[in-house]
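Here is the file work.cif (mmCIF, C-alpha atoms).
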```
data_upload
loop_
_atom_site.label_atom_id
_atom_site.label_comp_id
_atom_site.auth_asym_id
_atom_site.auth_seq_id
_atom_site.Cartn_x
_atom_site.Cartn_y
_atom_site.Cartn_z
CA MET O 1 48.20 92.19 80.31
CA ALA O 2 49.16 93.39 76.88
CA GLU O 3 47.88 91.12 74.16
CA ASN O 4 50.61 92.19 71.83
CA SER O 5 53.78 93.45 73.43
CA THR O 6 54.95 95.08 70.20
CA THR O 7 52.15 97.61 70.58
CA GLU O 8 53.11 98.55 74.15
CA LYS O 9 53.52 102.24 74.72
CA PRO O 10 56.75 103.40 76.33
CA ARG O 11 56.87 103.19 80.10
CA LEU O 12 58.86 105.36 82.45
CA THR O 13 62.49 104.40 82.96
CA ARG O 14 63.74 103.66 86.47
CA GLU O 15 65.25 107.13 86.51
CA GLN O 16 61.91 108.67 85.54
CA ILE O 17 60.13 106.75 88.31
CA ALA O 18 62.67 108.26 90.71
CA GLN O 19 62.13 111.68 89.15
CA ARG O 20 58.36 111.46 89.64
CA ALA O 21 58.74 110.17 93.21
CA ALA O 22 61.08 113.09 93.99
CA GLN O 23 58.16 115.44 93.36
CA GLU O 24 56.41 113.93 96.41
CA LEU O 25 59.09 115.34 98.74
CA THR O 26 58.55 118.67 100.49
CA ASP O 27 61.09 121.30 101.48
CA GLY O 28 62.82 120.52 104.77
CA ALA O 29 61.56 116.94 104.91
CA TYR O 30 63.46 114.14 106.66
CA VAL O 31 63.57 111.29 104.17
CA ASN O 32 64.82 107.70 104.08
CA LEU O 33 65.55 106.14 100.70
CA GLY O 34 65.66 102.36 100.31
CA TRP O 35 67.61 100.19 97.88
CA GLY O 36 66.93 100.15 94.15
CA ILE O 37 64.88 102.84 92.42
CA PRO O 38 64.43 104.90 95.64
CA ASN O 39 68.18 105.32 95.86
CA LEU O 40 68.10 107.23 92.54
CA ILE O 41 65.74 109.89 93.92
CA ALA O 42 68.52 112.02 95.43
CA ASP O 43 69.68 112.83 91.88
CA TYR O 44 66.27 114.25 90.91
CA LEU O 45 65.36 116.65 93.69
CA PRO O 46 63.38 119.61 92.36
CA LYS O 47 65.46 122.81 92.28
CA GLY O 48 65.48 124.87 95.46
CA LEU O 49 64.31 121.95 97.60
CA THR O 50 66.39 120.94 100.64
CA VAL O 51 65.68 117.57 102.20
CA TYR O 52 67.58 115.78 104.95
CA PHE O 53 68.38 112.23 103.96
CA HIS O 54 68.42 109.70 106.78
CA SER O 55 70.52 106.55 106.73
CA GLU O 56 69.78 103.60 108.99
CA ASN O 57 73.42 103.36 110.06
CA GLY O 58 73.10 106.63 111.90
CA ILE O 59 73.26 109.66 109.62
CA LEU O 60 70.90 112.57 109.07
CA GLY O 61 71.86 115.03 106.37
CA MET O 62 73.57 112.78 103.84
CA GLY O 63 74.70 114.64 100.76
CA ARG O 64 75.73 113.36 97.37
CA ARG O 65 77.88 110.30 96.87
CA ALA O 66 81.59 110.85 97.39
CA LYS O 67 83.66 111.45 94.27
CA ALA O 68 86.70 109.35 93.49
CA GLY O 69 89.47 110.42 95.83
CA GLU O 70 87.23 111.92 98.51
CA GLU O 71 85.79 108.66 99.83
CA ASP O 72 85.91 108.07 103.56
CA PHE O 73 84.90 104.49 104.30
CA ASP O 74 83.69 105.42 107.78
CA LEU O 75 81.08 107.57 106.04
CA VAL O 76 78.91 105.21 104.02
CA ASP O 77 75.20 104.88 103.32
CA ALA O 78 73.03 101.82 103.92
CA MET O 79 74.26 100.36 100.63
CA LYS O 80 77.89 100.69 101.79
CA VAL O 81 78.55 103.49 99.30
CA PRO O 82 80.79 106.37 100.50
CA VAL O 83 78.74 109.57 100.78
CA THR O 84 79.19 113.19 101.85
CA LEU O 85 77.35 115.35 104.39
CA ILE O 86 75.41 118.58 104.03
CA PRO O 87 75.59 121.40 106.61
CA GLY O 88 73.53 120.51 109.67
CA ALA O 89 74.21 116.77 109.44
CA SER O 90 74.42 114.58 112.54
CA PHE O 91 75.51 111.10 113.61
CA PHE O 92 73.83 108.76 116.08
CA HIS O 93 73.81 105.04 116.74
CA GLN O 94 71.73 102.44 114.93
CA ALA O 95 69.05 102.16 117.64
CA ASP O 96 68.35 105.89 117.41
CA ALA O 97 68.41 105.65 113.63
CA HIS O 98 65.56 103.14 113.81
CA LEU O 99 63.86 105.00 116.62
CA MET O 100 63.45 107.63 113.90
CA THR O 101 62.06 105.13 111.36
CA ARG O 102 59.70 103.35 113.73
CA GLY O 103 58.71 106.28 115.88
CA GLY O 104 57.12 108.27 113.09
CA HIS O 105 59.83 110.94 113.06
CA LEU O 106 60.70 110.74 109.38
CA ASP O 107 58.42 112.63 107.03
CA VAL O 108 58.79 110.27 104.10
CA ALA O 109 60.28 106.85 103.48
CA VAL O 110 60.65 105.44 99.99
CA LEU O 111 61.11 101.71 99.50
CA GLY O 112 61.36 99.39 96.54
CA GLY O 113 58.78 96.64 96.19
CA PHE O 114 58.05 93.22 94.74
CA GLN O 115 54.31 93.50 95.38
CA VAL O 116 51.80 95.88 96.96
CA SER O 117 48.30 94.67 97.84
CA GLU O 118 45.01 96.53 97.53
CA LYS O 119 45.16 97.17 101.29
CA GLY O 120 48.67 98.61 101.04
CA ASP O 121 50.51 95.52 102.31
CA LEU O 122 54.10 95.60 101.04
CA ALA O 123 56.28 92.63 100.05
CA ASN O 124 59.86 93.62 99.37
CA TRP O 125 62.32 91.46 101.28
CA LYS O 126 62.15 87.91 100.00
CA ILE O 127 61.39 86.11 96.77
CA PRO O 128 59.56 82.85 97.43
CA GLY O 129 61.81 79.87 96.78
CA ALA O 130 64.98 81.97 96.63
CA LYS O 131 68.06 80.19 97.93
CA GLY O 132 69.99 81.36 100.97
CA SER O 133 69.07 83.01 104.20
CA GLY O 134 67.51 86.14 102.76
CA GLY O 135 67.79 89.36 104.72
CA ILE O 136 65.41 91.90 106.20
CA GLY O 137 67.62 94.87 107.03
CA GLY O 138 65.67 97.95 108.04
CA ALA O 139 62.68 97.44 105.75
CA MET O 140 60.24 96.12 108.37
CA ASP O 141 61.02 98.91 110.84
CA ILE O 142 60.59 101.50 108.10
CA ALA O 143 57.38 99.95 106.79
CA ALA O 144 55.83 99.80 110.25
CA GLY O 145 56.76 103.31 111.32
CA ALA O 146 56.89 105.64 108.33
CA LYS O 147 54.41 108.51 108.44
CA ASN O 148 54.29 108.49 104.66
CA LEU O 149 55.55 105.40 102.86
CA ILE O 150 56.05 105.63 99.11
CA VAL O 151 56.79 102.45 97.19
CA CYS O 152 58.67 102.82 93.89
CA MET O 153 58.66 99.85 91.55
CA GLU O 154 57.93 98.67 88.03
CA HIS O 155 54.21 98.17 87.51
CA ASN O 156 54.68 94.64 86.19
CA THR O 157 57.28 91.89 86.44
CA LYS O 158 59.58 91.18 83.50
CA GLU O 159 57.13 88.42 82.57
CA GLY O 160 54.27 90.93 82.60
CA ALA O 161 52.59 89.79 85.83
CA PRO O 162 50.98 92.56 87.87
CA LYS O 163 52.82 93.66 91.00
CA ILE O 164 49.84 95.56 92.40
CA VAL O 165 47.73 92.65 93.52
CA LYS O 166 44.64 91.74 95.58
CA GLN O 167 46.79 89.94 98.12
CA CYS O 168 50.58 89.56 98.27
CA SER O 169 51.82 86.08 97.34
CA TYR O 170 55.37 87.05 98.35
CA PRO O 171 56.38 87.16 102.05
CA VAL O 172 55.18 90.49 103.39
CA THR O 173 57.31 93.23 104.94
CA GLY O 174 54.42 95.05 106.58
CA LEU O 175 50.62 95.18 106.57
CA ALA O 176 48.64 98.19 105.32
CA CYS O 177 51.78 100.31 105.43
CA THR O 178 51.93 101.83 101.92
CA ASN O 179 50.55 105.33 101.31
CA THR O 180 51.52 105.90 97.69
CA ILE O 181 52.80 103.74 94.84
CA VAL O 182 54.86 105.27 92.04
CA THR O 183 55.43 102.96 89.08
CA ASP O 184 56.46 103.23 85.45
CA LEU O 185 52.75 103.52 84.60
CA ALA O 186 51.02 105.35 87.42
CA VAL O 187 50.87 107.19 90.72
CA ILE O 188 48.40 105.45 93.03
CA ASP O 189 47.30 106.44 96.54
CA VAL O 190 46.21 103.86 99.07
CA LYS O 191 43.04 105.31 100.60
CA PRO O 192 40.24 103.92 102.78
CA GLU O 193 38.09 103.60 99.62
CA GLY O 194 40.81 101.61 97.81
CA LEU O 195 43.67 102.21 95.39
CA VAL O 196 43.00 105.63 93.92
CA LEU O 197 44.62 106.26 90.53
CA ARG O 198 46.07 109.76 90.83
CA GLU O 199 48.14 110.00 87.63
CA VAL O 200 49.03 107.91 84.61
CA ALA O 201 52.25 107.82 82.58
CA PRO O 202 52.29 110.08 79.49
CA GLY O 203 50.25 108.48 76.71
CA TRP O 204 48.57 105.91 78.99
CA THR O 205 44.92 105.80 80.03
CA ALA O 206 43.24 104.64 83.22
CA GLU O 207 41.93 101.61 81.32
CA ASP O 208 45.45 100.72 80.14
CA VAL O 209 46.74 100.86 83.70
CA GLN O 210 43.81 98.89 85.12
CA ALA O 211 44.42 96.18 82.51
CA ARG O 212 47.92 95.71 83.91
CA THR O 213 46.83 95.80 87.57
CA GLU O 214 45.29 92.86 89.43
CA ALA O 215 43.74 94.97 92.19
CA LYS O 216 40.77 97.15 91.35
CA LEU O 217 41.68 100.81 90.90
CA VAL O 218 39.39 103.65 91.95
CA VAL O 219 39.16 106.14 89.09
CA LYS O 220 37.62 109.55 89.71
CA GLY O 221 36.94 111.42 86.48
CA LYS O 222 39.70 112.03 83.96
CA VAL O 223 43.07 110.97 85.38
CA PRO O 224 45.85 113.45 84.57
CA GLU O 225 49.19 112.44 83.08
CA MET O 226 52.40 112.66 85.12
CA LYS O 227 54.52 115.74 84.51
CA LEU O 228 58.19 114.83 84.56
CA GLY O 229 59.62 118.23 83.69
CA SER O 230 63.05 118.56 82.19
CA MET Y 2 92.24 99.98 140.48
CA LYS Y 3 92.87 97.29 137.91
CA SER Y 4 93.55 98.68 134.46
CA LYS Y 5 91.15 97.78 131.66
CA ILE Y 6 93.93 98.09 129.12
CA VAL Y 7 95.29 94.82 127.81
CA ASP Y 8 98.50 94.74 125.84
CA SER Y 9 97.59 92.40 123.03
CA LEU Y 10 94.66 91.37 120.90
CA ASN Y 11 95.22 87.73 121.85
CA ALA Y 12 95.10 88.61 125.54
CA ALA Y 13 91.90 90.57 124.96
CA VAL Y 14 90.02 87.49 123.72
CA ALA Y 15 91.91 84.81 125.67
CA ASP Y 16 89.04 83.86 128.01
CA ILE Y 17 86.27 83.67 125.38
CA PRO Y 18 85.16 80.03 125.54
CA ASP Y 19 83.65 77.72 122.94
CA GLY Y 20 79.88 78.15 122.78
CA ALA Y 21 79.98 81.82 123.79
CA ARG Y 22 77.30 84.28 122.68
CA ILE Y 23 79.10 87.23 121.15
CA MET Y 24 77.93 90.55 119.70
CA PHE Y 25 80.01 92.03 116.89
CA GLY Y 26 79.71 95.74 116.02
CA GLY Y 27 79.94 97.21 112.54
CA PHE Y 28 77.84 98.05 109.50
CA GLY Y 29 78.60 98.64 105.83
CA GLY Y 30 82.33 98.07 106.20
CA ALA Y 31 82.62 100.68 108.99
CA GLY Y 32 83.14 100.12 112.70
CA PHE Y 33 83.99 96.42 112.64
CA PRO Y 34 86.36 95.16 115.37
CA ASN Y 35 88.35 93.36 112.70
CA ASN Y 36 91.51 92.93 114.73
CA LEU Y 37 89.60 91.31 117.57
CA ILE Y 38 87.70 89.06 115.16
CA GLN Y 39 90.98 87.89 113.61
CA ALA Y 40 92.41 87.17 117.07
CA LEU Y 41 89.28 85.31 118.12
CA SER Y 42 89.28 83.22 114.98
CA SER Y 43 93.01 82.41 115.31
CA LYS Y 44 92.37 81.24 118.86
CA GLY Y 45 90.23 78.47 117.40
CA VAL Y 46 86.94 78.99 119.25
CA ARG Y 47 83.99 76.82 118.17
CA ASP Y 48 80.19 76.80 118.36
CA ILE Y 49 79.85 80.54 118.69
CA THR Y 50 76.48 82.28 118.59
CA ALA Y 51 77.16 85.46 116.63
CA ILE Y 52 74.91 88.49 116.99
CA SER Y 53 75.65 91.00 114.27
CA ASN Y 54 73.88 92.97 111.58
CA ASN Y 55 75.54 90.95 108.84
CA CYS Y 56 77.71 87.90 108.27
CA GLY Y 57 80.88 89.20 106.74
CA THR Y 58 82.27 90.29 103.41
CA ARG Y 59 83.88 87.20 101.95
CA GLU Y 60 86.78 86.50 104.37
CA GLY Y 61 86.56 89.94 105.89
CA GLU Y 62 84.77 91.02 109.06
CA LEU Y 63 82.85 87.98 110.41
CA GLY Y 64 83.52 86.05 107.18
CA VAL Y 65 86.63 84.37 108.53
CA MET Y 66 84.62 82.84 111.39
CA PHE Y 67 82.26 81.21 108.89
CA LYS Y 68 85.09 80.17 106.59
CA ASN Y 69 86.64 78.29 109.50
CA GLY Y 70 83.34 76.79 110.67
CA GLN Y 71 83.46 78.48 114.07
CA VAL Y 72 79.88 79.77 114.25
CA ARG Y 73 76.88 77.61 115.13
CA HIS Y 74 74.05 80.14 115.21
CA VAL Y 75 73.55 83.66 113.91
CA ILE Y 76 71.16 86.41 114.96
CA ALA Y 77 71.30 89.02 112.18
CA SER Y 78 69.15 91.41 110.20
CA PHE Y 79 70.90 91.22 106.86
CA PRO Y 80 73.54 88.52 106.32
CA GLY Y 81 74.47 90.40 103.17
CA PRO Y 82 75.22 89.83 99.50
CA HIS Y 83 78.92 89.02 100.03
CA SER Y 84 78.57 86.68 103.00
CA ASN Y 85 79.43 83.66 100.87
CA TYR Y 86 81.08 81.61 103.64
CA PHE Y 87 78.03 82.07 105.84
CA GLN Y 88 75.67 81.17 102.97
CA GLU Y 89 77.59 77.97 102.18
CA ARG Y 90 77.42 76.80 105.79
CA PHE Y 91 73.79 77.86 106.05
CA ALA Y 92 72.88 75.86 102.93
CA LYS Y 93 74.51 72.75 104.46
CA GLY Y 94 72.68 73.24 107.74
CA GLU Y 95 75.92 73.81 109.66
CA VAL Y 96 74.79 77.26 110.76
CA THR Y 97 71.30 78.27 111.82
CA CYS Y 98 70.04 81.81 111.49
CA GLU Y 99 67.40 83.96 113.13
CA LEU Y 100 66.59 86.98 110.99
CA VAL Y 101 65.52 90.03 112.98
CA PRO Y 102 64.37 93.40 111.62
CA GLN Y 103 67.32 95.75 112.05
CA GLY Y 104 65.76 98.25 114.45
CA ILE Y 105 64.25 95.43 116.48
CA LEU Y 106 67.67 93.80 116.68
CA CYS Y 107 68.91 97.09 118.19
CA GLU Y 108 66.01 97.37 120.62
CA ARG Y 109 66.25 93.74 121.74
CA MET Y 110 69.90 94.32 122.57
CA ARG Y 111 69.07 97.61 124.23
CA ALA Y 112 66.39 95.88 126.30
CA ALA Y 113 69.06 93.46 127.51
CA GLY Y 114 71.31 96.35 128.48
CA ALA Y 115 68.46 98.25 130.08
CA GLY Y 116 67.22 95.40 132.26
CA LEU Y 117 63.91 95.17 130.41
CA LEU Y 118 62.33 91.79 129.81
CA GLY Y 119 60.81 92.58 126.42
CA PHE Y 120 58.57 94.96 124.53
CA TYR Y 121 55.62 95.02 122.16
CA THR Y 122 56.05 96.29 118.62
CA THR Y 123 54.05 96.58 115.42
CA VAL Y 124 57.20 95.76 113.41
CA GLY Y 125 56.92 92.34 111.82
CA VAL Y 126 53.22 91.80 112.51
CA GLY Y 127 51.79 89.47 109.86
CA THR Y 128 55.29 88.56 108.61
CA GLU Y 129 57.55 85.54 109.02
CA VAL Y 130 59.29 87.13 112.00
CA ALA Y 131 56.03 87.02 113.99
CA ARG Y 132 55.97 83.21 113.98
CA GLY Y 133 55.83 81.73 117.44
CA LYS Y 134 55.65 85.13 119.13
CA GLU Y 135 52.85 86.28 121.42
CA GLU Y 136 50.52 88.66 119.60
CA ARG Y 137 48.09 91.09 121.19
CA VAL Y 138 46.31 94.35 120.48
CA VAL Y 139 47.58 97.47 122.26
CA ASP Y 140 45.95 100.83 121.67
CA GLY Y 141 44.03 99.32 118.77
CA LYS Y 142 47.19 98.09 117.04
CA ARG Y 143 48.26 94.51 116.45
CA CYS Y 144 51.70 93.93 117.93
CA ILE Y 145 54.08 91.16 118.89
CA LEU Y 146 56.21 90.53 121.95
CA GLU Y 147 59.97 90.69 121.42
CA ALA Y 148 62.47 89.33 123.94
CA PRO Y 149 65.83 90.83 124.91
CA ILE Y 150 69.03 89.57 123.28
CA HIS Y 151 71.82 89.01 125.80
CA ALA Y 152 75.44 88.18 125.15
CA ASP Y 153 78.45 87.00 127.09
CA PHE Y 154 80.78 89.30 125.17
CA ALA Y 155 80.60 92.27 122.82
CA LEU Y 156 83.50 92.96 120.49
CA ILE Y 157 83.36 96.55 119.36
CA LYS Y 158 85.42 99.20 117.58
CA ALA Y 159 85.98 102.77 118.80
CA GLU Y 160 88.05 105.64 117.50
CA LYS Y 161 89.28 106.78 120.90
CA ALA Y 162 89.15 105.20 124.33
CA ASP Y 163 90.44 106.90 127.41
CA GLU Y 164 92.17 104.76 130.00
CA LEU Y 165 88.89 104.31 131.89
CA GLY Y 166 87.02 103.14 128.80
CA ASN Y 167 85.08 106.24 127.81
CA LEU Y 168 84.62 105.96 124.06
CA THR Y 169 84.15 108.04 120.94
CA TYR Y 170 83.45 106.80 117.45
CA ARG Y 171 84.37 108.16 114.04
CA LEU Y 172 81.59 109.31 111.65
CA ALA Y 173 79.17 106.47 110.80
CA ALA Y 174 81.49 103.85 112.31
CA ARG Y 175 79.41 104.28 115.47
CA ASN Y 176 76.44 102.19 114.21
CA PHE Y 177 75.81 99.13 116.46
CA ASN Y 178 78.84 99.58 118.72
CA PRO Y 179 77.35 101.70 121.54
CA ILE Y 180 74.27 99.47 121.76
CA MET Y 181 76.27 96.26 121.99
CA ALA Y 182 78.57 97.80 124.57
CA MET Y 183 75.54 98.20 126.85
CA ALA Y 184 74.07 94.76 126.21
CA ALA Y 185 76.90 92.29 126.86
CA LYS Y 186 78.30 91.05 130.16
CA ILE Y 187 81.86 91.80 129.02
CA THR Y 188 82.59 94.48 126.41
CA ILE Y 189 85.95 94.37 124.69
CA VAL Y 190 86.97 97.42 122.68
CA GLU Y 191 89.56 97.79 120.00
CA ALA Y 192 90.41 101.47 119.79
CA GLU Y 193 92.50 103.27 117.23
CA GLU Y 194 93.94 105.34 120.04
CA ILE Y 195 94.05 105.13 123.83
CA VAL Y 196 94.23 108.55 125.48
CA PRO Y 197 94.71 109.70 129.10
CA VAL Y 198 91.70 110.17 131.35
CA GLY Y 199 90.35 113.65 130.75
CA ALA Y 200 91.52 113.85 127.15
CA ILE Y 201 87.96 113.22 125.96
CA GLU Y 202 85.68 116.06 127.05
CA PRO Y 203 82.91 114.60 129.22
CA GLU Y 204 80.20 115.96 126.94
CA ASN Y 205 81.81 114.25 123.96
CA VAL Y 206 81.79 110.79 125.48
CA VAL Y 207 79.43 108.54 123.49
CA THR Y 208 79.85 105.30 125.43
CA PRO Y 209 80.51 105.90 129.15
CA ALA Y 210 83.24 103.77 130.71
CA ILE Y 211 80.78 101.84 132.89
CA PHE Y 212 79.94 99.70 129.83
CA VAL Y 213 83.54 98.91 128.90
CA HIS Y 214 85.59 96.13 130.48
CA ARG Y 215 88.65 95.71 128.29
CA ILE Y 216 90.50 98.01 125.91
CA VAL Y 217 93.14 97.13 123.39
CA GLN Y 218 94.85 99.49 121.00
CA ALA Y 219 94.86 98.40 117.36
CA LYS Y 220 95.21 100.21 114.08
CA GLY Y 221 91.91 99.79 112.24
CA MET Y 222 91.72 97.01 109.69
CA ARG Y 223 89.26 97.37 106.83
CA PHE Y 224 87.91 95.05 104.19
CA GLN Y 225 86.60 96.62 101.01
CA GLY Y 226 83.75 95.55 98.81
#
```

Show me the file's structure as C-alpha cells.
Amino acid sequence: MAENSTTEKPRLTREQIAQRAAQELTDGAYVNLGWGIPNLIADYLPKGLTVYFHSENGILGMGRRAKAGEEDFDLVDAMKVPVTLIPGASFFHQADAHLMTRGGHLDVAVLGGFQVSEKGDLANWKIPGAKGSGGIGGAMDIAAGAKNLIVCMEHNTKEGAPKIVKQCSYPVTGLACTNTIVTDLAVIDVKPEGLVLREVAPGWTAEDVQARTEAKLVVKGKVPEMKLGS
Amino acid sequence: MKSKIVDSLNAAVADIPDGARIMFGGFGGAGFPNNLIQALSSKGVRDITAISNNCGTREGELGVMFKNGQVRHVIASFPGPHSNYFQERFAKGEVTCELVPQGILCERMRAAGAGLLGFYTTVGVGTEVARGKEERVVDGKRCILEAPIHADFALIKAEKADELGNLTYRLAARNFNPIMAMAAKITIVEAEEIVPVGAIEPENVVTPAIFVHRIVQAKGMRFQG
C-alpha cells in the first residue's frame, strides 16, 4: 500500500480500463459484457473490429445504446437499457442465452469484480454483511462457462486494500475461472505458474504493482507499459 | 374442441388457489404478463411461491404482489435493485428466497418441462448455492446436482397467439416466457393479439400450442425504471 497517498502516480480511469480491455477482443468474437466497467467496453472497440455482443436476455448482435426517441423497451440489455441491433443479430430465449455462456460458445466474457484470488477465483456478486437478499444474475453461469474470462476492476478498494488476493474473503462467484485481470494498474494473466504480470499502467513499475497486490505476481523480465492509444 | 381463449383477465386466473407455485415471465421490463399479475393480485391470493428472474420494479411487475404481502417464497436469480417491496418483506422474514444462478434457473425449469429429474453442473461449485447439494466429480470436474423446478401455473406474455395457442414473442420480450410455458402444469398467456389458426407461419412459431392452456387478449402494460 502507498505510504503517502499524495505521491501516488495517476491510475487509469474506469474508461481507460475499458479501453485497455477492449484491446483483448478479436475480430468476429462473440462477447458478453457484465455490469460496471465491462459495460463501457463497447464504446472503445478498436477501429475496424466487429464483435457480436451477447446479452443474457436473449440477444446476439447488440449494437449501441438507443438514442432518445428511438428506444424500444422490448429491446433492452441485461441492465435494462434500450439498445439497438447490428446486421446479423438474432433473438433466442434465456435458456439458450445461458447455454451459450455455460457451454463455452462465447469467445470472451468480461465481468466486474470485488476480488480475484491467485488461483483465479472470482468474487463479484455479494459484499459480506450487505443488507438484503443480494442477487446472482448470470454471473455464475458466465464464470463457469466462459472460454476466456476477463475481469475488469480497480486494483485496490477505495480504502486502498488489495483486490487481487491470496484467497477471496468475499463470497465467490466461481473457482479458478478468471483468465485475465485488467485493472487501473496492470494487465495480469492467470497461468498455471501463477499470476503473470503482462503489462503495467504508464509510469508504474512491477514493484509498484506488487506492493499494491496481496497475491504474489510472477514477473518475467522488464514488464512493458500499457498502450492506450488515442 | 374446447377453446383455450378466455374472455377476461379475471377469468384467466380465477382458479389459481392460495399456496400455488407460479412462474412469471419477463426480464428487464420486457415480456412481463403485467395484466395477469394485476388480476391475480386483485383476486387476493395468498402464500404464493413465485418463480421469476426478479421481484418487481417498485409496484410494477411482481412488485404489487410483495406490496400486498401475497408471496411466501421466491425462487429468483436477481431480485433487483428496485424490488423494494420484496426487500422490505424479506428483511422482516415474511418472504423467504432461494437465489439461483440465472442459467441454472432456466435449466431447472427446462428439466421440469422435459421430464428430467435433475442434472450435474459446474455452475456454483464452491459457492453459497452449492450448500446442501450433492457434489461429485464428472469427467475430472467438480459439479453439483440441481433439481427440476416445477410449477402449478406459468403466467407469460406473448406478442401473438393463434387460437390454438401457438405463440410468437416480440424482440427481447421472449426471455423466460418460452421456458416457463414448457415447465408449468397450466400455462396462461396474455397476448397482445389473438389471430386465427394459420395466421402464424408454422416455422415462425416459437412456443407450440401443446404448452399453452389458456389465452387472454390484453394490451401490454409496462412499468418503466

Apply the PyMOL selection byres ((chain O and resi 145) around 7) to the file shown and report the selected residues as a CSV table (one decimal) with C-alpha atoms, keeping the file's coordinate frame.
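Below is the file that was written, result.csv:
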```csv
chain,number,residue,atom,x,y,z
O,101,THR,CA,62.1,105.1,111.4
O,102,ARG,CA,59.7,103.4,113.7
O,103,GLY,CA,58.7,106.3,115.9
O,104,GLY,CA,57.1,108.3,113.1
O,141,ASP,CA,61.0,98.9,110.8
O,142,ILE,CA,60.6,101.5,108.1
O,143,ALA,CA,57.4,100.0,106.8
O,144,ALA,CA,55.8,99.8,110.2
O,146,ALA,CA,56.9,105.6,108.3
O,147,LYS,CA,54.4,108.5,108.4
```

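Between chain O and the residues Y:Thr169, Y:Asn69, Y:Thr128, Y:Thr208, the shortest atom-to-atom distance, using only C-alpha atoms, involves Y:Thr128.
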
Interface list for chain Y, partner chain O, 9 Å threshold, only C-alpha atoms, as a PDB file with C-alpha atoms, in the frame of the given file:
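Below is the file result.pdb, written as the result:
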```
ATOM      1  CA  PHE Y  28      77.840  98.050 109.500  1.00  0.00           C
ATOM      2  CA  GLY Y  29      78.600  98.640 105.830  1.00  0.00           C
ATOM      3  CA  GLY Y  30      82.330  98.070 106.200  1.00  0.00           C
ATOM      4  CA  ALA Y  31      82.620 100.680 108.990  1.00  0.00           C
ATOM      5  CA  GLY Y  32      83.140 100.120 112.700  1.00  0.00           C
ATOM      6  CA  ASN Y  54      73.880  92.970 111.580  1.00  0.00           C
ATOM      7  CA  ASN Y  55      75.540  90.950 108.840  1.00  0.00           C
ATOM      8  CA  ALA Y  77      71.300  89.020 112.180  1.00  0.00           C
ATOM      9  CA  SER Y  78      69.150  91.410 110.200  1.00  0.00           C
ATOM     10  CA  PHE Y  79      70.900  91.220 106.860  1.00  0.00           C
ATOM     11  CA  PRO Y  80      73.540  88.520 106.320  1.00  0.00           C
ATOM     12  CA  GLY Y  81      74.470  90.400 103.170  1.00  0.00           C
ATOM     13  CA  GLN Y  88      75.670  81.170 102.970  1.00  0.00           C
ATOM     14  CA  GLU Y  89      77.590  77.970 102.180  1.00  0.00           C
ATOM     15  CA  PHE Y  91      73.790  77.860 106.050  1.00  0.00           C
ATOM     16  CA  ALA Y  92      72.880  75.860 102.930  1.00  0.00           C
ATOM     17  CA  CYS Y  98      70.040  81.810 111.490  1.00  0.00           C
ATOM     18  CA  LEU Y 100      66.590  86.980 110.990  1.00  0.00           C
ATOM     19  CA  VAL Y 101      65.520  90.030 112.980  1.00  0.00           C
ATOM     20  CA  PRO Y 102      64.370  93.400 111.620  1.00  0.00           C
ATOM     21  CA  GLN Y 103      67.320  95.750 112.050  1.00  0.00           C
ATOM     22  CA  GLY Y 104      65.760  98.250 114.450  1.00  0.00           C
ATOM     23  CA  ILE Y 105      64.250  95.430 116.480  1.00  0.00           C
ATOM     24  CA  LEU Y 106      67.670  93.800 116.680  1.00  0.00           C
ATOM     25  CA  CYS Y 107      68.910  97.090 118.190  1.00  0.00           C
ATOM     26  CA  GLU Y 108      66.010  97.370 120.620  1.00  0.00           C
ATOM     27  CA  ARG Y 111      69.070  97.610 124.230  1.00  0.00           C
ATOM     28  CA  THR Y 123      54.050  96.580 115.420  1.00  0.00           C
ATOM     29  CA  VAL Y 124      57.200  95.760 113.410  1.00  0.00           C
ATOM     30  CA  GLY Y 125      56.920  92.340 111.820  1.00  0.00           C
ATOM     31  CA  VAL Y 126      53.220  91.800 112.510  1.00  0.00           C
ATOM     32  CA  GLY Y 127      51.790  89.470 109.860  1.00  0.00           C
ATOM     33  CA  THR Y 128      55.290  88.560 108.610  1.00  0.00           C
ATOM     34  CA  GLU Y 129      57.550  85.540 109.020  1.00  0.00           C
ATOM     35  CA  ARG Y 171      84.370 108.160 114.040  1.00  0.00           C
ATOM     36  CA  LEU Y 172      81.590 109.310 111.650  1.00  0.00           C
ATOM     37  CA  ALA Y 173      79.170 106.470 110.800  1.00  0.00           C
ATOM     38  CA  ALA Y 174      81.490 103.850 112.310  1.00  0.00           C
ATOM     39  CA  ARG Y 175      79.410 104.280 115.470  1.00  0.00           C
ATOM     40  CA  ASN Y 176      76.440 102.190 114.210  1.00  0.00           C
ATOM     41  CA  PHE Y 177      75.810  99.130 116.460  1.00  0.00           C
ATOM     42  CA  ASN Y 178      78.840  99.580 118.720  1.00  0.00           C
ATOM     43  CA  PRO Y 179      77.350 101.700 121.540  1.00  0.00           C
ATOM     44  CA  ILE Y 180      74.270  99.470 121.760  1.00  0.00           C
ATOM     45  CA  ARG Y 223      89.260  97.370 106.830  1.00  0.00           C
ATOM     46  CA  GLN Y 225      86.600  96.620 101.010  1.00  0.00           C
ATOM     47  CA  GLY Y 226      83.750  95.550  98.810  1.00  0.00           C
TER      48      GLY Y 226
END
```

Selection dump of the PyMOL selection byres ((chain Y and resi 206) around 10), as JSON, numbers by chain = {"Y": [161, 162, 163, 166, 167, 168, 169, 170, 201, 202, 203, 204, 205, 207, 208, 209, 210]}

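Using the PyMOL selection byres ((chain Y and resi 40-50) around 8) on the file at hand returns these residues: Leu10, Asn11, Val14, Ala15, Ile17, Pro18, Asp19, Gly20, Ala21, Arg22, Ile23, Asn36, Leu37, Ile38, Gln39, Ala51, Ile52, Val65, Met66, Asn69, Gly70, Gln71, Val72, Arg73, His74, Val75 and Ile76 of chain Y.
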
Distance query stretch 33-43 of chain O at most 7 Å, all atoms listed in the file, self and fewer than 5 positions along chain excluded, as a compact mmCIF listing (two decimals) with C-alpha atoms, keeping the file's coordinate frame:
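Done, and the output landed in part-v5.txt:
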```txt
# COMPACT_ATOMS: atom_id res chain seq x y z
CA ARG O 14 63.74 103.66 86.47
CA GLU O 15 65.25 107.13 86.51
CA ALA O 18 62.67 108.26 90.71
CA GLN O 19 62.13 111.68 89.15
CA ALA O 22 61.08 113.09 93.99
CA ALA O 109 60.28 106.85 103.48
CA VAL O 110 60.65 105.44 99.99
CA LEU O 111 61.11 101.71 99.50
CA GLY O 112 61.36 99.39 96.54
CA CYS O 152 58.67 102.82 93.89
CA MET O 153 58.66 99.85 91.55
```
